[in-house]
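Student: Sharing a structure with you now.
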Amino acid sequence: GPAAQRSSPHSLRRELSGRGGQRVASGQYLQLAWTLTGQARPYDLDGAKFKAIEPAAGSSGAWELFYRHDRLAVRGAAPSRARARVHTLGVNWYPTAAVRLSLNGSAARSDATVNDAGDDNGEALGLRLQVVF
């Protein structure tokens, strides 16, 4: 049957400088995934990261559904603090251990106007092919 769900809380922090002056961006994300075809995603304790999913021999590949929630904050920019949340829902297909095709849909909302058009929210649809060589 399908592999059990997994979660991965991660934190990030980046110092930025530019037209708006010095800023510090920080945040966290939580990702939940479910492998529909039953493969497990191994975890590398030494590298502190998940490894690639390996499809079963002779199969049409491995399929994975995932949801990711990001919380971000930027301090030091105008306004002095801006926050954003991003929700991403996606599907990954692994035809081999070295190839991944991803389709992701994201919705983001900020409590500050973050661009010249005055937008504080948006949606995106992304398609990505990744090949490890």
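Within each chain, counting starts at residue 1; across the structure tokens, chains are named A, B, ... in the order shown, with ligands numbered 1 upward in that order.
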Using only C-alpha atoms, which residues of segment 55-112 of chain A come within 7 Å of segment 10-26 of chain A, and what is the closest atom pair for each, with the distance in Å to one decimal? Give it as a Markdown table, sorted by chain and residue number.
Tutor:
```
| residue | atom | partner | partner_atom | distance |
| --- | --- | --- | --- | --- |
| A:Leu72 | CA | A:Ser26 | CA | 5.8 |
| A:Ala73 | CA | A:Ser26 | CA | 5.4 |
| A:Val74 | CA | A:Ala25 | CA | 4.3 |
| A:Arg75 | CA | A:Val24 | CA | 5.3 |
| A:Gly76 | CA | A:Arg23 | CA | 4.6 |
| A:Ala77 | CA | A:Arg23 | CA | 5.7 |
```
Student: From a backbone DSSP assignment, name each residue in segment 3-130 of chain A labelled strand (DSSP E), as JSON, numbers by chain.
Tutor: {"A": [6, 7, 8, 9, 10, 11, 12, 13, 14, 15, 16, 23, 24, 25, 26, 27, 28, 29, 30, 31, 32, 33, 34, 35, 43, 44, 49, 50, 62, 63, 64, 65, 66, 67, 68, 69, 70, 71, 72, 73, 74, 75, 81, 82, 83, 84, 85, 86, 87, 88, 89, 90, 91, 92, 93, 94, 95, 96, 99, 100, 101, 102, 103, 104, 105, 106, 107, 108, 109, 110, 121, 122, 123, 124, 125, 126, 127, 128, 129, 130]}
Student: Sort by chain and increasing residue number a table of all residues of segment 29-56 of chain A within 10 Å of segment 96-115 of chain A, each with its closest pair of atoms and their distance in Å to one decimal, counting only C-alpha atoms, and write it as CSV.
Tutor:
```
residue,atom,partner,partner_atom,distance
A:Lys51,CA,A:Ala97,CA,9.7
A:Ala52,CA,A:Ala97,CA,6.3
A:Ile53,CA,A:Ala97,CA,6.2
A:Glu54,CA,A:Ala97,CA,4.8
A:Pro55,CA,A:Thr96,CA,6.1
A:Ala56,CA,A:Thr96,CA,8.9
```
Student: Would you save the residues of that selection, restricted to C-alpha atoms, as a PDB file, in the first residue's frame?
Tutor:
```
ATOM      1  CA  LYS A  51      17.353  11.033  -0.130  1.00  0.00           C
ATOM      2  CA  ALA A  52      15.678  10.372  -3.478  1.00  0.00           C
ATOM      3  CA  ILE A  53      12.824   7.929  -3.846  1.00  0.00           C
ATOM      4  CA  GLU A  54      13.832   4.814  -5.788  1.00  0.00           C
ATOM      5  CA  PRO A  55      11.036   3.377  -7.954  1.00  0.00           C
ATOM      6  CA  ALA A  56      10.549  -0.393  -7.864  1.00  0.00           C
TER       7      ALA A  56
END
```
Student: Near Tyr67 of chain A, counting only C-alpha atoms, which residues have an atom at most 7 Å away, once you skip same-chain residues fewer than 2 positions from it, shown as a list in words?
Tutor: Gln31, Leu32, Ala33, His69, Thr88, Leu89 and Gly90 of chain A
Student: What's the separation between atom CA of Gly61 of chain A and atom CA of Tyr94 of chain A, in Å to one decimal place?
Tutor: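 It comes out at 5.3 Å.
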Student: Of the residues A:Lys49, A:Pro95, A:Asp120, A:Leu65, which is the one nearest to Ala82 of chain A, using only C-alpha atoms?
Tutor: A:Asp120
Student: Could you list, as number ranges by chain, every residue within 6 Å of Glu64 of chain A, counting only C-alpha atoms and ignoring same-chain residues fewer than 4 positions away?
Tutor: A: 34-36, 91-92
Student: So how many Å separate atom CA of Gly126 of chain A and atom CA of Gln28 of chain A, to one decimal?
Tutor: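 Interatomic distance here is 21.2 Å.
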